[in-house]
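Asks: PDB, C-alpha atoms, saved as work-v2.pdb, coming up:
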```pdb
ATOM      1  CA  MET I   1      -3.516  -8.214  -3.383
ATOM      2  CA  SER I   2      -0.306  -6.412  -2.487
ATOM      3  CA  PHE I   3       0.939  -2.889  -3.088
ATOM      4  CA  TYR I   4       3.970  -0.885  -4.228
ATOM      5  CA  PHE I   5       4.807   2.342  -2.395
ATOM      6  CA  TYR I   6       7.246   4.997  -3.529
ATOM      7  CA  THR I   7       8.079   8.407  -2.142
ATOM      8  CA  GLU I   8       8.203  11.630  -4.143
ATOM      9  CA  THR I   9      10.917  14.270  -3.857
ATOM     10  CA  ALA I  10       9.808  16.708  -6.609
ATOM     11  CA  PHE I  11      11.798  19.959  -6.165
ATOM     12  CA  HIS I  12      11.515  19.844  -2.384
ATOM     13  CA  HIS I  13      15.311  19.406  -2.200
ATOM     14  CA  GLU I  14      15.796  22.898  -3.689
ATOM     15  CA  GLY I  15      19.159  21.849  -5.111
ATOM     16  CA  ASP I  16      20.603  20.891  -1.718
ATOM     17  CA  MET I  17      22.440  17.577  -2.138
ATOM     18  CA  ASP I  18      22.592  16.877   1.603
ATOM     19  CA  PHE I  19      18.850  17.475   1.941
ATOM     20  CA  MET I  20      18.173  15.218  -1.041
ATOM     21  CA  LYS I  21      20.158  12.412   0.558
ATOM     22  CA  GLN I  22      18.235  12.915   3.794
ATOM     23  CA  LEU I  23      15.026  12.407   1.791
ATOM     24  CA  ILE I  24      16.480   9.193   0.388
ATOM     25  CA  ASP I  25      17.529   8.011   3.858
ATOM     26  CA  ALA I  26      14.060   8.736   5.239
ATOM     27  CA  SER I  27      12.419   6.872   2.353
ATOM     28  CA  ALA I  28      14.509   3.793   3.041
ATOM     29  CA  GLN I  29      13.849   3.964   6.778
ATOM     30  CA  VAL I  30      10.059   4.042   6.398
ATOM     31  CA  GLY I  31      10.090   0.961   4.172
ATOM     32  CA  ALA I  32       9.309   2.476   0.767
ATOM     33  CA  ASP I  33       9.866   0.322  -2.321
ATOM     34  CA  GLY I  34      11.113   3.164  -4.452
ATOM     35  CA  ILE I  35      11.703   6.899  -4.711
ATOM     36  CA  LYS I  36      10.717   9.319  -7.473
ATOM     37  CA  PHE I  37      12.917  12.113  -8.794
ATOM     38  CA  HIS I  38      11.958  15.023 -11.059
ATOM     39  CA  VAL I  39      15.028  15.227 -13.270
ATOM     40  CA  LEU I  40      15.614  18.610 -14.861
ATOM     41  CA  ILE I  41      19.004  19.271 -16.440
ATOM     42  CA  ASP I  42      18.422  21.832 -19.200
ATOM     43  CA  ILE I  43      15.918  24.266 -17.696
ATOM     44  CA  ASP I  44      15.893  26.530 -20.732
ATOM     45  CA  ALA I  45      14.587  23.701 -22.876
ATOM     46  CA  VAL I  46      11.310  23.430 -20.973
ATOM     47  CA  ILE I  47      10.657  26.444 -18.724
ATOM     48  CA  SER I  48      10.215  29.976 -19.956
ATOM     49  CA  SER I  49      12.377  32.639 -18.396
ATOM     50  CA  LYS I  50       9.107  34.572 -17.971
ATOM     51  CA  ASN I  51       7.754  31.887 -15.613
ATOM     52  CA  HIS I  52       7.867  33.264 -12.058
ATOM     53  CA  LEU I  53       9.370  29.963 -10.870
ATOM     54  CA  TYR I  54      12.246  30.097 -13.365
ATOM     55  CA  PRO I  55      14.874  31.645 -11.030
ATOM     56  CA  LYS I  56      13.999  29.301  -8.176
ATOM     57  CA  LEU I  57      13.981  26.174 -10.311
ATOM     58  CA  LYS I  58      17.227  27.175 -12.002
ATOM     59  CA  SER I  59      18.882  27.253  -8.589
ATOM     60  CA  CYS I  60      17.460  23.767  -7.864
ATOM     61  CA  THR I  61      18.978  22.095 -10.905
ATOM     62  CA  PHE I  62      21.502  19.297 -10.400
ATOM     63  CA  SER I  63      24.108  18.389 -12.990
ATOM     64  CA  LEU I  64      24.105  15.052 -14.793
ATOM     65  CA  ASP I  65      26.944  13.761 -12.604
ATOM     66  CA  GLU I  66      25.121  14.849  -9.467
ATOM     67  CA  TRP I  67      22.032  12.954 -10.605
ATOM     68  CA  VAL I  68      24.137   9.832 -11.169
ATOM     69  CA  ASP I  69      25.354  10.164  -7.589
ATOM     70  CA  ILE I  70      21.763  10.619  -6.341
ATOM     71  CA  PHE I  71      20.453   7.593  -8.244
ATOM     72  CA  ASN I  72      23.332   5.393  -7.101
ATOM     73  CA  TYR I  73      22.837   6.515  -3.499
ATOM     74  CA  ALA I  74      19.153   5.579  -3.648
ATOM     75  CA  GLN I  75      19.964   2.159  -5.057
ATOM     76  CA  LYS I  76      22.500   1.526  -2.282
ATOM     77  CA  LYS I  77      19.568   2.108   0.080
ATOM     78  CA  ASN I  78      17.642  -0.643  -1.774
ATOM     79  CA  LEU I  79      15.207   1.805  -3.337
ATOM     80  CA  ASP I  80      13.956   1.530  -6.926
ATOM     81  CA  VAL I  81      14.453   4.717  -8.916
ATOM     82  CA  VAL I  82      11.340   6.206 -10.496
ATOM     83  CA  MET I  83      12.528   8.874 -12.931
ATOM     84  CA  LEU I  84      10.281  11.699 -14.068
ATOM     85  CA  PRO I  85      12.216  13.250 -16.983
ATOM     86  CA  VAL I  86      11.318  16.919 -17.305
ATOM     87  CA  ASP I  87      13.576  17.396 -20.332
ATOM     88  CA  SER I  88      15.139  15.165 -22.974
ATOM     89  CA  ALA I  89      18.634  15.544 -21.482
ATOM     90  CA  ALA I  90      17.448  13.577 -18.444
ATOM     91  CA  PHE I  91      17.487  10.357 -20.481
ATOM     92  CA  LYS I  92      21.285  10.361 -20.470
ATOM     93  CA  LEU I  93      20.939   8.982 -16.947
ATOM     94  CA  VAL I  94      19.477   5.729 -18.250
ATOM     95  CA  GLU I  95      22.817   4.986 -19.911
ATOM     96  CA  LYS I  96      24.795   5.752 -16.742
ATOM     97  CA  THR I  97      22.764   4.179 -13.908
ATOM     98  CA  LYS I  98      19.742   1.996 -13.264
ATOM     99  CA  VAL I  99      16.176   3.270 -13.605
ATOM    100  CA  SER I 100      13.216   1.041 -12.679
ATOM    101  CA  TYR I 101      10.322   3.172 -13.944
ATOM    102  CA  PHE I 102       9.691   6.213 -16.076
ATOM    103  CA  ASP I 103       6.970   8.568 -14.894
ATOM    104  CA  LEU I 104       5.167  10.655 -17.512
ATOM    105  CA  HIS I 105       4.157  13.908 -15.833
ATOM    106  CA  SER I 106       1.111  15.842 -16.955
ATOM    107  CA  VAL I 107       3.307  18.760 -18.118
ATOM    108  CA  SER I 108       5.000  16.435 -20.635
ATOM    109  CA  PHE I 109       1.802  14.777 -21.853
ATOM    110  CA  TYR I 110       2.293  16.100 -25.379
ATOM    111  CA  ASP I 111       6.085  16.422 -25.392
ATOM    112  CA  ASP I 112       7.079  14.276 -28.362
ATOM    113  CA  GLY I 113      10.756  14.399 -27.416
ATOM    114  CA  VAL I 114      10.123  12.962 -23.955
ATOM    115  CA  LEU I 115       7.464  10.523 -25.187
ATOM    116  CA  ASN I 116       9.615   9.046 -27.966
ATOM    117  CA  LEU I 117      12.660   8.685 -25.720
ATOM    118  CA  MET I 118      10.568   6.947 -23.065
ATOM    119  CA  LYS I 119       9.280   4.534 -25.655
ATOM    120  CA  SER I 120      12.706   3.888 -27.140
ATOM    121  CA  PHE I 121      14.240   2.789 -23.835
ATOM    122  CA  GLY I 122      11.383   0.356 -23.180
ATOM    123  CA  LEU I 123      11.256   0.730 -19.393
ATOM    124  CA  PRO I 124       7.895   0.400 -17.575
ATOM    125  CA  VAL I 125       5.938   3.649 -17.637
ATOM    126  CA  ILE I 126       3.820   5.161 -14.876
ATOM    127  CA  LEU I 127       1.250   7.486 -16.442
ATOM    128  CA  SER I 128       0.261  10.450 -14.276
ATOM    129  CA  ALA I 129      -3.349  10.693 -15.437
ATOM    130  CA  GLY I 130      -4.615  13.394 -13.068
ATOM    131  CA  GLY I 131      -6.525  16.069 -14.966
ATOM    132  CA  ARG I 132      -6.634  13.958 -18.133
ATOM    133  CA  THR I 133      -9.684  12.807 -20.093
ATOM    134  CA  LEU I 134     -10.461   9.207 -20.951
ATOM    135  CA  ASN I 135      -9.534   9.860 -24.586
ATOM    136  CA  GLU I 136      -6.144  11.205 -23.533
ATOM    137  CA  ILE I 137      -5.489   8.168 -21.325
ATOM    138  CA  ASN I 138      -6.515   5.855 -24.169
ATOM    139  CA  ASP I 139      -4.130   7.676 -26.476
ATOM    140  CA  LYS I 140      -1.173   7.042 -24.177
ATOM    141  CA  CYS I 141      -2.212   3.418 -23.626
ATOM    142  CA  GLU I 142      -2.167   2.945 -27.390
ATOM    143  CA  PHE I 143       1.165   4.765 -27.759
ATOM    144  CA  PHE I 144       3.026   2.796 -25.069
ATOM    145  CA  GLY I 145       1.161  -0.524 -25.292
ATOM    146  CA  HIS I 146       2.398  -3.101 -22.762
ATOM    147  CA  GLN I 147       5.159  -0.699 -21.703
ATOM    148  CA  LEU I 148       2.546   1.365 -19.847
ATOM    149  CA  ALA I 149       2.446  -0.448 -16.525
ATOM    150  CA  VAL I 150       0.581   1.896 -14.155
ATOM    151  CA  ILE I 151      -2.154   4.502 -14.539
ATOM    152  CA  MET I 152      -1.750   6.912 -11.643
ATOM    153  CA  MET I 153      -4.693   8.926 -10.379
ATOM    154  CA  GLY I 154      -4.196  12.124  -8.394
ATOM    155  CA  PHE I 155      -2.962  15.662  -8.958
ATOM    156  CA  GLN I 156      -1.151  18.434  -7.105
ATOM    157  CA  ASN I 157      -3.273  21.467  -6.312
ATOM    158  CA  PHE I 158      -1.053  22.892  -3.542
ATOM    159  CA  PRO I 159      -2.659  21.153  -1.684
ATOM    160  CA  THR I 160      -5.443  19.018  -3.158
ATOM    161  CA  GLN I 161      -8.762  18.833  -1.321
ATOM    162  CA  PHE I 162     -10.123  15.304  -0.931
ATOM    163  CA  GLU I 163     -13.491  16.176  -2.457
ATOM    164  CA  GLU I 164     -11.717  17.430  -5.605
ATOM    165  CA  LEU I 165     -10.212  14.019  -6.275
ATOM    166  CA  LYS I 166     -13.334  12.027  -7.144
ATOM    167  CA  ILE I 167     -11.409   9.078  -5.800
ATOM    168  CA  ARG I 168     -13.984   6.593  -7.022
ATOM    169  CA  LYS I 169     -12.416   7.062 -10.457
ATOM    170  CA  ILE I 170      -9.939   4.422  -9.278
ATOM    171  CA  GLN I 171     -12.702   1.837  -9.409
ATOM    172  CA  SER I 172     -13.700   2.920 -12.913
ATOM    173  CA  LEU I 173     -10.093   2.909 -14.135
ATOM    174  CA  LYS I 174      -9.584  -0.577 -12.724
ATOM    175  CA  GLN I 175     -12.593  -1.836 -14.675
ATOM    176  CA  LEU I 176     -11.612  -0.096 -17.909
ATOM    177  CA  TYR I 177      -7.908  -1.010 -17.778
ATOM    178  CA  SER I 178      -7.929  -4.436 -16.189
ATOM    179  CA  GLN I 179      -4.505  -5.273 -17.658
ATOM    180  CA  LYS I 180      -2.865  -2.242 -16.027
ATOM    181  CA  ALA I 181      -2.095  -1.507 -12.405
ATOM    182  CA  ILE I 182      -3.971   1.493 -11.028
ATOM    183  CA  GLY I 183      -2.212   3.851  -8.640
ATOM    184  CA  TYR I 184      -2.964   6.784  -6.380
ATOM    185  CA  ALA I 185      -0.715   9.818  -5.879
ATOM    186  CA  ASP I 186      -1.899  11.659  -2.782
ATOM    187  CA  HIS I 187      -1.364  15.414  -2.482
ATOM    188  CA  SER I 188      -3.471  16.212   0.575
ATOM    189  CA  HIS I 189      -2.156  18.862   2.969
ATOM    190  CA  TYR I 190       0.368  17.476   5.455
ATOM    191  CA  GLY I 191      -1.889  18.577   8.338
ATOM    192  CA  ASP I 192      -5.036  16.931   6.943
ATOM    193  CA  GLU I 193      -5.973  13.469   8.216
ATOM    194  CA  MET I 194      -6.831  12.569   4.611
ATOM    195  CA  ALA I 195      -3.099  12.651   3.828
ATOM    196  CA  ILE I 196      -3.056   9.187   5.395
ATOM    197  CA  LYS I 197      -6.667   8.015   5.126
ATOM    198  CA  ALA I 198      -7.099   8.762   1.415
ATOM    199  CA  ASN I 199      -4.464   6.132   0.603
ATOM    200  CA  GLU I 200      -6.432   3.524   2.548
ATOM    201  CA  TYR I 201      -9.619   4.377   0.658
ATOM    202  CA  ALA I 202      -7.706   4.194  -2.618
ATOM    203  CA  TYR I 203      -6.424   0.710  -1.756
ATOM    204  CA  LEU I 204      -9.929  -0.507  -0.964
ATOM    205  CA  LEU I 205     -11.100   0.864  -4.318
ATOM    206  CA  GLY I 206      -8.410  -1.062  -6.193
ATOM    207  CA  ALA I 207      -5.237   1.038  -6.301
ATOM    208  CA  THR I 208      -2.026  -0.955  -5.837
ATOM    209  CA  TYR I 209       0.640   1.706  -6.498
ATOM    210  CA  PHE I 210       1.033   4.604  -4.089
ATOM    211  CA  GLU I 211       3.038   7.820  -4.300
ATOM    212  CA  LYS I 212       3.534  10.207  -1.399
ATOM    213  CA  HIS I 213       5.685  13.320  -1.015
ATOM    214  CA  ILE I 214       8.166  12.943   1.838
ATOM    215  CA  THR I 215      10.099  15.502   3.860
ATOM    216  CA  VAL I 216      12.459  15.646   6.800
ATOM    217  CA  ALA I 217      11.089  19.052   7.780
ATOM    218  CA  GLU I 218       7.281  18.849   7.764
ATOM    219  CA  GLY I 219       5.675  22.275   7.435
ATOM    220  CA  GLU I 220       8.897  24.069   6.539
ATOM    221  CA  GLU I 221       8.218  26.352   3.580
ATOM    222  CA  ARG I 222      10.191  24.829   0.757
ATOM    223  CA  LEU I 223       9.104  23.974  -2.781
ATOM    224  CA  ASP I 224       6.324  21.347  -2.822
ATOM    225  CA  PHE I 225       6.065  21.352   0.975
ATOM    226  CA  GLN I 226       2.264  21.500   1.167
ATOM    227  CA  ALA I 227       1.714  17.793   0.476
ATOM    228  CA  ALA I 228       4.967  16.473   1.974
ATOM    229  CA  LEU I 229       4.624  14.262   5.043
ATOM    230  CA  GLY I 230       7.252  13.668   7.685
ATOM    231  CA  ALA I 231       8.784  10.219   7.879
ATOM    232  CA  GLU I 232       6.607   9.056  10.786
ATOM    233  CA  LYS I 233       3.406   9.814   8.885
ATOM    234  CA  VAL I 234       4.697   8.141   5.728
ATOM    235  CA  LYS I 235       5.637   5.094   7.803
ATOM    236  CA  LEU I 236       2.150   5.053   9.342
ATOM    237  CA  THR I 237       0.617   5.244   5.872
ATOM    238  CA  ILE I 238       2.616   2.196   4.764
ATOM    239  CA  GLU I 239       1.779   0.297   7.955
ATOM    240  CA  ASN I 240      -1.937   1.000   7.508
ATOM    241  CA  LEU I 241      -1.790  -0.267   3.925
ATOM    242  CA  LYS I 242      -0.040  -3.417   5.137
ATOM    243  CA  LEU I 243      -2.780  -3.924   7.713
ATOM    244  CA  ILE I 244      -5.435  -3.677   5.000
ATOM    245  CA  ASP I 245      -3.405  -6.078   2.861
ATOM    246  CA  LYS I 246      -3.295  -8.617   5.676
ATOM    247  CA  ALA I 247      -6.792  -8.154   7.079
ATOM    248  CA  ILE I 248      -8.769  -7.770   3.841
ATOM    249  CA  PHE I 249      -6.764  -8.944   0.843
ATOM    250  CA  SER I 250      -5.036 -11.993   2.346
ATOM    251  CA  PRO I 251      -6.164 -14.978   0.179
ATOM    252  CA  GLN I 252      -7.059 -17.269   3.087
ATOM    253  CA  ASP I 253      -9.345 -14.644   4.601
ATOM    254  CA  HIS I 254     -11.816 -15.233   1.759
ATOM    255  CA  GLU I 255     -12.205 -18.901   2.714
ATOM    256  CA  LEU I 256     -15.389 -19.714   4.605
ATOM    257  CA  HIS I 257     -14.588 -23.342   5.417
ATOM    258  CA  SER I 258     -11.623 -22.630   7.703
ATOM    259  CA  LEU I 259     -11.230 -20.542  10.848
ATOM    260  CA  ASN I 260      -8.222 -18.674  12.186
ATOM    261  CA  GLU I 261      -6.995 -18.978  15.766
ATOM    262  CA  SER I 262      -8.935 -15.957  16.998
ATOM    263  CA  GLU I 263     -12.155 -17.248  15.459
ATOM    264  CA  ILE I 264     -11.589 -20.651  17.053
ATOM    265  CA  ARG I 265     -11.022 -19.076  20.480
ATOM    266  CA  TYR I 266     -14.255 -17.115  20.091
ATOM    267  CA  ARG I 267     -16.126 -20.212  18.942
ATOM    268  CA  ASN I 268     -14.845 -22.235  21.900
ATOM    269  CA  ARG I 269     -16.767 -20.027  24.317
ATOM    270  CA  GLN I 270     -19.877 -21.998  23.362
ATOM    271  CA  ARG I 271     -21.590 -24.147  25.984
ATOM    272  CA  VAL I 272     -20.385 -27.764  26.134
ATOM    273  CA  ALA I 273     -21.503 -30.944  27.877
ATOM    274  CA  VAL I 274     -20.699 -31.199  31.606
ATOM    275  CA  ALA I 275     -21.725 -33.645  34.318
ATOM    276  CA  VAL I 276     -24.885 -32.801  36.300
ATOM    277  CA  ARG I 277     -23.418 -34.547  39.380
ATOM    278  CA  ASN I 278     -20.374 -36.513  40.460
ATOM    279  CA  MET I 279     -20.381 -39.792  38.533
ATOM    280  CA  GLU I 280     -18.478 -43.037  38.910
ATOM    281  CA  LYS I 281     -16.648 -45.213  36.425
ATOM    282  CA  GLY I 282     -19.073 -47.511  34.591
ATOM    283  CA  GLU I 283     -22.104 -45.221  34.652
ATOM    284  CA  VAL I 284     -23.986 -44.825  31.382
ATOM    285  CA  LEU I 285     -24.762 -41.314  30.209
ATOM    286  CA  SER I 286     -28.307 -40.116  29.577
ATOM    287  CA  PRO I 287     -29.879 -36.675  29.048
ATOM    288  CA  GLU I 288     -30.653 -36.480  32.782
ATOM    289  CA  LEU I 289     -26.961 -36.753  33.662
ATOM    290  CA  VAL I 290     -25.705 -34.136  31.192
ATOM    291  CA  THR I 291     -26.170 -30.372  30.889
ATOM    292  CA  PHE I 292     -24.466 -27.705  28.794
ATOM    293  CA  LYS I 293     -22.450 -24.843  30.292
ATOM    294  CA  MET I 294     -19.689 -22.379  29.372
ATOM    295  CA  LEU I 295     -16.176 -23.405  30.379
ATOM    296  CA  GLU I 296     -12.603 -22.280  29.763
ATOM    297  CA  GLN I 297     -11.954 -24.878  27.107
ATOM    298  CA  LYS I 298      -8.575 -23.767  25.754
ATOM    299  CA  ASP I 299      -7.428 -26.677  23.562
ATOM    300  CA  LYS I 300      -9.945 -29.214  24.858
ATOM    301  CA  LYS I 301     -12.735 -30.234  22.532
ATOM    302  CA  GLY I 302     -16.084 -30.687  24.282
ATOM    303  CA  PHE I 303     -19.403 -32.120  23.132
ATOM    304  CA  THR I 304     -22.227 -29.870  21.933
ATOM    305  CA  ASP I 305     -24.745 -32.594  20.970
ATOM    306  CA  ILE I 306     -26.470 -34.806  23.561
ATOM    307  CA  MET I 307     -27.019 -37.517  20.958
ATOM    308  CA  ALA I 308     -23.245 -37.980  20.698
ATOM    309  CA  LEU I 309     -23.225 -38.912  24.419
ATOM    310  CA  GLN I 310     -26.457 -40.916  24.752
ATOM    311  CA  GLY I 311     -25.656 -44.446  26.051
ATOM    312  CA  ARG I 312     -21.875 -43.888  26.305
ATOM    313  CA  LYS I 313     -20.153 -45.470  29.327
ATOM    314  CA  LEU I 314     -17.673 -43.666  31.577
ATOM    315  CA  ILE I 315     -14.261 -45.296  31.875
ATOM    316  CA  LYS I 316     -13.171 -42.951  34.692
ATOM    317  CA  PRO I 317     -14.940 -40.905  37.370
ATOM    318  CA  ILE I 318     -16.057 -37.365  36.543
ATOM    319  CA  LEU I 319     -16.962 -34.495  38.870
ATOM    320  CA  ARG I 320     -20.003 -32.214  38.764
ATOM    321  CA  ASP I 321     -19.603 -29.366  36.215
ATOM    322  CA  GLU I 322     -16.540 -31.025  34.700
ATOM    323  CA  MET I 323     -16.338 -31.158  30.910
ATOM    324  CA  ILE I 324     -17.114 -34.549  29.412
ATOM    325  CA  LEU I 325     -14.318 -35.464  27.016
ATOM    326  CA  GLU I 326     -13.891 -38.283  24.541
ATOM    327  CA  THR I 327     -11.106 -39.636  26.743
ATOM    328  CA  ASN I 328     -13.685 -40.112  29.572
ATOM    329  CA  LEU I 329     -15.733 -42.534  27.478
ATOM    330  CA  ALA I 330     -15.560 -46.098  26.280
ATOM    331  CA  LEU I 331     -15.426 -46.605  22.516
TER     332      LEU I 331
END
```
Mind turning the file's structure into structure tokens?
Replies:
Amino acid sequence: MSFYFYTETAFHHEGDMDFMKQLIDASAQVGADGIKFHVLIDIDAVISSKNHLYPKLKSCTFSLDEWVDIFNYAQKKNLDVVMLPVDSAAFKLVEKTKVSYFDLHSVSFYDDGVLNLMKSFGLPVILSAGGRTLNEINDKCEFFGHQLAVIMMGFQNFPTQFEELKIRKIQSLKQLYSQKAIGYADHSHYGDEMAIKANEYAYLLGATYFEKHITVAEGEERLDFQAALGAEKVKLTIENLKLIDKAIFSPQDHELHSLNESEIRYRNRQRVAVAVRNMEKGEVLSPELVTFKMLEQKDKKGFTDIMALQGRKLIKPILRDEMILETNLAL
């Protein structure tokens, strides 16, 4: 098994282009595969002026040309672009620059304009399924068909407590939707150890796509800061997932008939045949002349069975406690 990891910017940039590019730089430096952007162009089409966040979000809005610049900058950093279109105007970006994935956010779950445009462009869809029932997930699977590539578990609760997640749902989703990849979007508090560990548990349960909010100013009170990790923690999260990938999901590690180098070194600590006394060339081995002791064997292969030595003749002298090797014996 292997995994795909992308960072999440949300509205953490607060409309600051330099800060946004720092988030992109940090994502590339930690080894992320992609980066996710919430694209909002026409705020009045989706957010009521009565919403208390309206003034703040309005100040965070980039223009279409600015988004083209952001997407192109991310791609120059070898990051896939995951686009979460908040409004229909966001889809103009697909005609101007490259997008690798669409992300359907929970707030747009029943937005026919967004849904139909997503379907019409045919790009792979990541379904944010946090807070959604099985019937609702089935509905979107039917609507998108093969275009729906990933079902993403997890939700933002500013921050989300681990016990609220019911993370074992990943296992159930993997069984129910065996043809889809299952993902985990972590929103634990940046100061909680689960912000890293929860991703490891999710991988062991079957998730292969991972989303994590990133920041260059951990703890600084900006929009969406509660679940945003600094670059070092995001890098550690990725490294821990790679370790699990290598130590648990590596194909050869399931094989019982072969041993790796560490296992062989451990095995070679076993007791092997050594001479009971100094012996001369021409002597014939018998149980009385052989005992079994621990040695530093390194690459030498000793005998562990007395019957393999019974009646064999020495072709060179051997000292007491010295390992008896095949090269000491006549054919």
Asks: Let me make sure I understand: among I:Tyr101, I:Phe144, I:Tyr190, I:Phe303, which one has the smallest atom-to-atom distance to I:Asp33 if we use only C-alpha atoms?
Replies: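 Under the stated criterion, the closest residue is I:Tyr101.
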Asks: Place a sphere of radius 10 Å on (-19.8, -46.5, 17.3) in the file coordinates and name every protein, DNA or RNA residue with an atom inside or on its surface, counting only C-alpha atoms; give the answer as a list in words.
Replies: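 Those residues lying close to the given coordinates are Ala308, Arg312, Ala330 and Leu331 of chain I.
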Asks: Evaluate the PyMOL selection byres ((chain I and resi 292-294) around 7) against this structure - the residues, as a compact mmCIF listing (two decimals) with C-alpha atoms, in the frame of the given file, please.
Replies:
```txt
# COMPACT_ATOMS: atom_id res chain seq x y z
CA ARG I 269 -16.77 -20.03 24.32
CA GLN I 270 -19.88 -22.00 23.36
CA ARG I 271 -21.59 -24.15 25.98
CA VAL I 272 -20.39 -27.76 26.13
CA ALA I 273 -21.50 -30.94 27.88
CA VAL I 274 -20.70 -31.20 31.61
CA VAL I 290 -25.70 -34.14 31.19
CA THR I 291 -26.17 -30.37 30.89
CA LEU I 295 -16.18 -23.40 30.38
```
Asks: When the PyMOL selection byres ((chain I and resi 77-83) around 7) is applied to the file above, which residues end up in the set, as a ChimeraX atom specification?
Replies: /I:28,33-39,71,73-76,84-85,99-103
Asks: Would you mind exporting C-alpha atoms of the selected residues as a PDB file, in the frame of the given file?
Replies:
```
ATOM      1  CA  ALA I  28      14.509   3.793   3.041  1.00  0.00           C
ATOM      2  CA  ASP I  33       9.866   0.322  -2.321  1.00  0.00           C
ATOM      3  CA  GLY I  34      11.113   3.164  -4.452  1.00  0.00           C
ATOM      4  CA  ILE I  35      11.703   6.899  -4.711  1.00  0.00           C
ATOM      5  CA  LYS I  36      10.717   9.319  -7.473  1.00  0.00           C
ATOM      6  CA  PHE I  37      12.917  12.113  -8.794  1.00  0.00           C
ATOM      7  CA  HIS I  38      11.958  15.023 -11.059  1.00  0.00           C
ATOM      8  CA  VAL I  39      15.028  15.227 -13.270  1.00  0.00           C
ATOM      9  CA  PHE I  71      20.453   7.593  -8.244  1.00  0.00           C
ATOM     10  CA  TYR I  73      22.837   6.515  -3.499  1.00  0.00           C
ATOM     11  CA  ALA I  74      19.153   5.579  -3.648  1.00  0.00           C
ATOM     12  CA  GLN I  75      19.964   2.159  -5.057  1.00  0.00           C
ATOM     13  CA  LYS I  76      22.500   1.526  -2.282  1.00  0.00           C
ATOM     14  CA  LEU I  84      10.281  11.699 -14.068  1.00  0.00           C
ATOM     15  CA  PRO I  85      12.216  13.250 -16.983  1.00  0.00           C
ATOM     16  CA  VAL I  99      16.176   3.270 -13.605  1.00  0.00           C
ATOM     17  CA  SER I 100      13.216   1.041 -12.679  1.00  0.00           C
ATOM     18  CA  TYR I 101      10.322   3.172 -13.944  1.00  0.00           C
ATOM     19  CA  PHE I 102       9.691   6.213 -16.076  1.00  0.00           C
ATOM     20  CA  ASP I 103       6.970   8.568 -14.894  1.00  0.00           C
TER      21      ASP I 103
END
```
Asks: Please expand the PyMOL selection byres ((chain I and resi 302) around 8) into the concrete residues it hits in this file, giving the result as an mmCIF file with C-alpha atoms, in the coordinates of the input.
Replies:
```
data_model
loop_
_atom_site.group_PDB
_atom_site.id
_atom_site.type_symbol
_atom_site.label_atom_id
_atom_site.label_comp_id
_atom_site.auth_asym_id
_atom_site.auth_seq_id
_atom_site.Cartn_x
_atom_site.Cartn_y
_atom_site.Cartn_z
ATOM 1 C CA VAL I 272 -20.385 -27.764 26.134
ATOM 2 C CA ALA I 273 -21.503 -30.944 27.877
ATOM 3 C CA GLN I 297 -11.954 -24.878 27.107
ATOM 4 C CA LYS I 300 -9.945 -29.214 24.858
ATOM 5 C CA LYS I 301 -12.735 -30.234 22.532
ATOM 6 C CA PHE I 303 -19.403 -32.120 23.132
ATOM 7 C CA THR I 304 -22.227 -29.870 21.933
ATOM 8 C CA MET I 323 -16.338 -31.158 30.910
ATOM 9 C CA ILE I 324 -17.114 -34.549 29.412
ATOM 10 C CA LEU I 325 -14.318 -35.464 27.016
ATOM 11 C CA GLU I 326 -13.891 -38.283 24.541
#
```
Asks: Calculate how many Å separate atom CA of I:Thr215 from atom CA of I:Ala195, rounding to one decimal.
Replies: 13.5 Å
Asks: What does the distance between atom CA of I:Thr9 and atom CA of I:Ala228 come to in Å, to one decimal place?
Replies: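 Result for atom CA of I:Thr9 versus atom CA of I:Ala228: 8.6 Å, one decimal.
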Asks: Within 9 Å of (-29.7, -34.6, 24.8) (coordinates as in the file), grab all the protein and nucleic acid residues, counting all atoms listed in the file, and write them out as a list in words.
Replies: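 Neighbouring residues, ordered by chain and number, come to Ser286, Pro287, Glu288, Val290, Thr291, Asp305, Ile306, Met307, Ala308, Leu309 and Gln310 of chain I.
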Asks: For I:Leu243, which residue among I:Gly122, I:Gly191, I:Thr160, I:Tyr203 is the nearest when counting only C-alpha atoms?
Replies: I:Tyr203
Asks: If we count only C-alpha atoms, what is near stretch 165-180 of chain I at a cut-off of 6 Å, once residues fewer than 6 positions away on the same chain are taken out, given as an NGL selection string?
Replies: :I and (149-150 or 205)
Asks: For atom CA of I:His187 and atom CA of I:Phe155, determine how far apart the two atoms are, in Å to one decimal place.
Replies: 6.7 Å
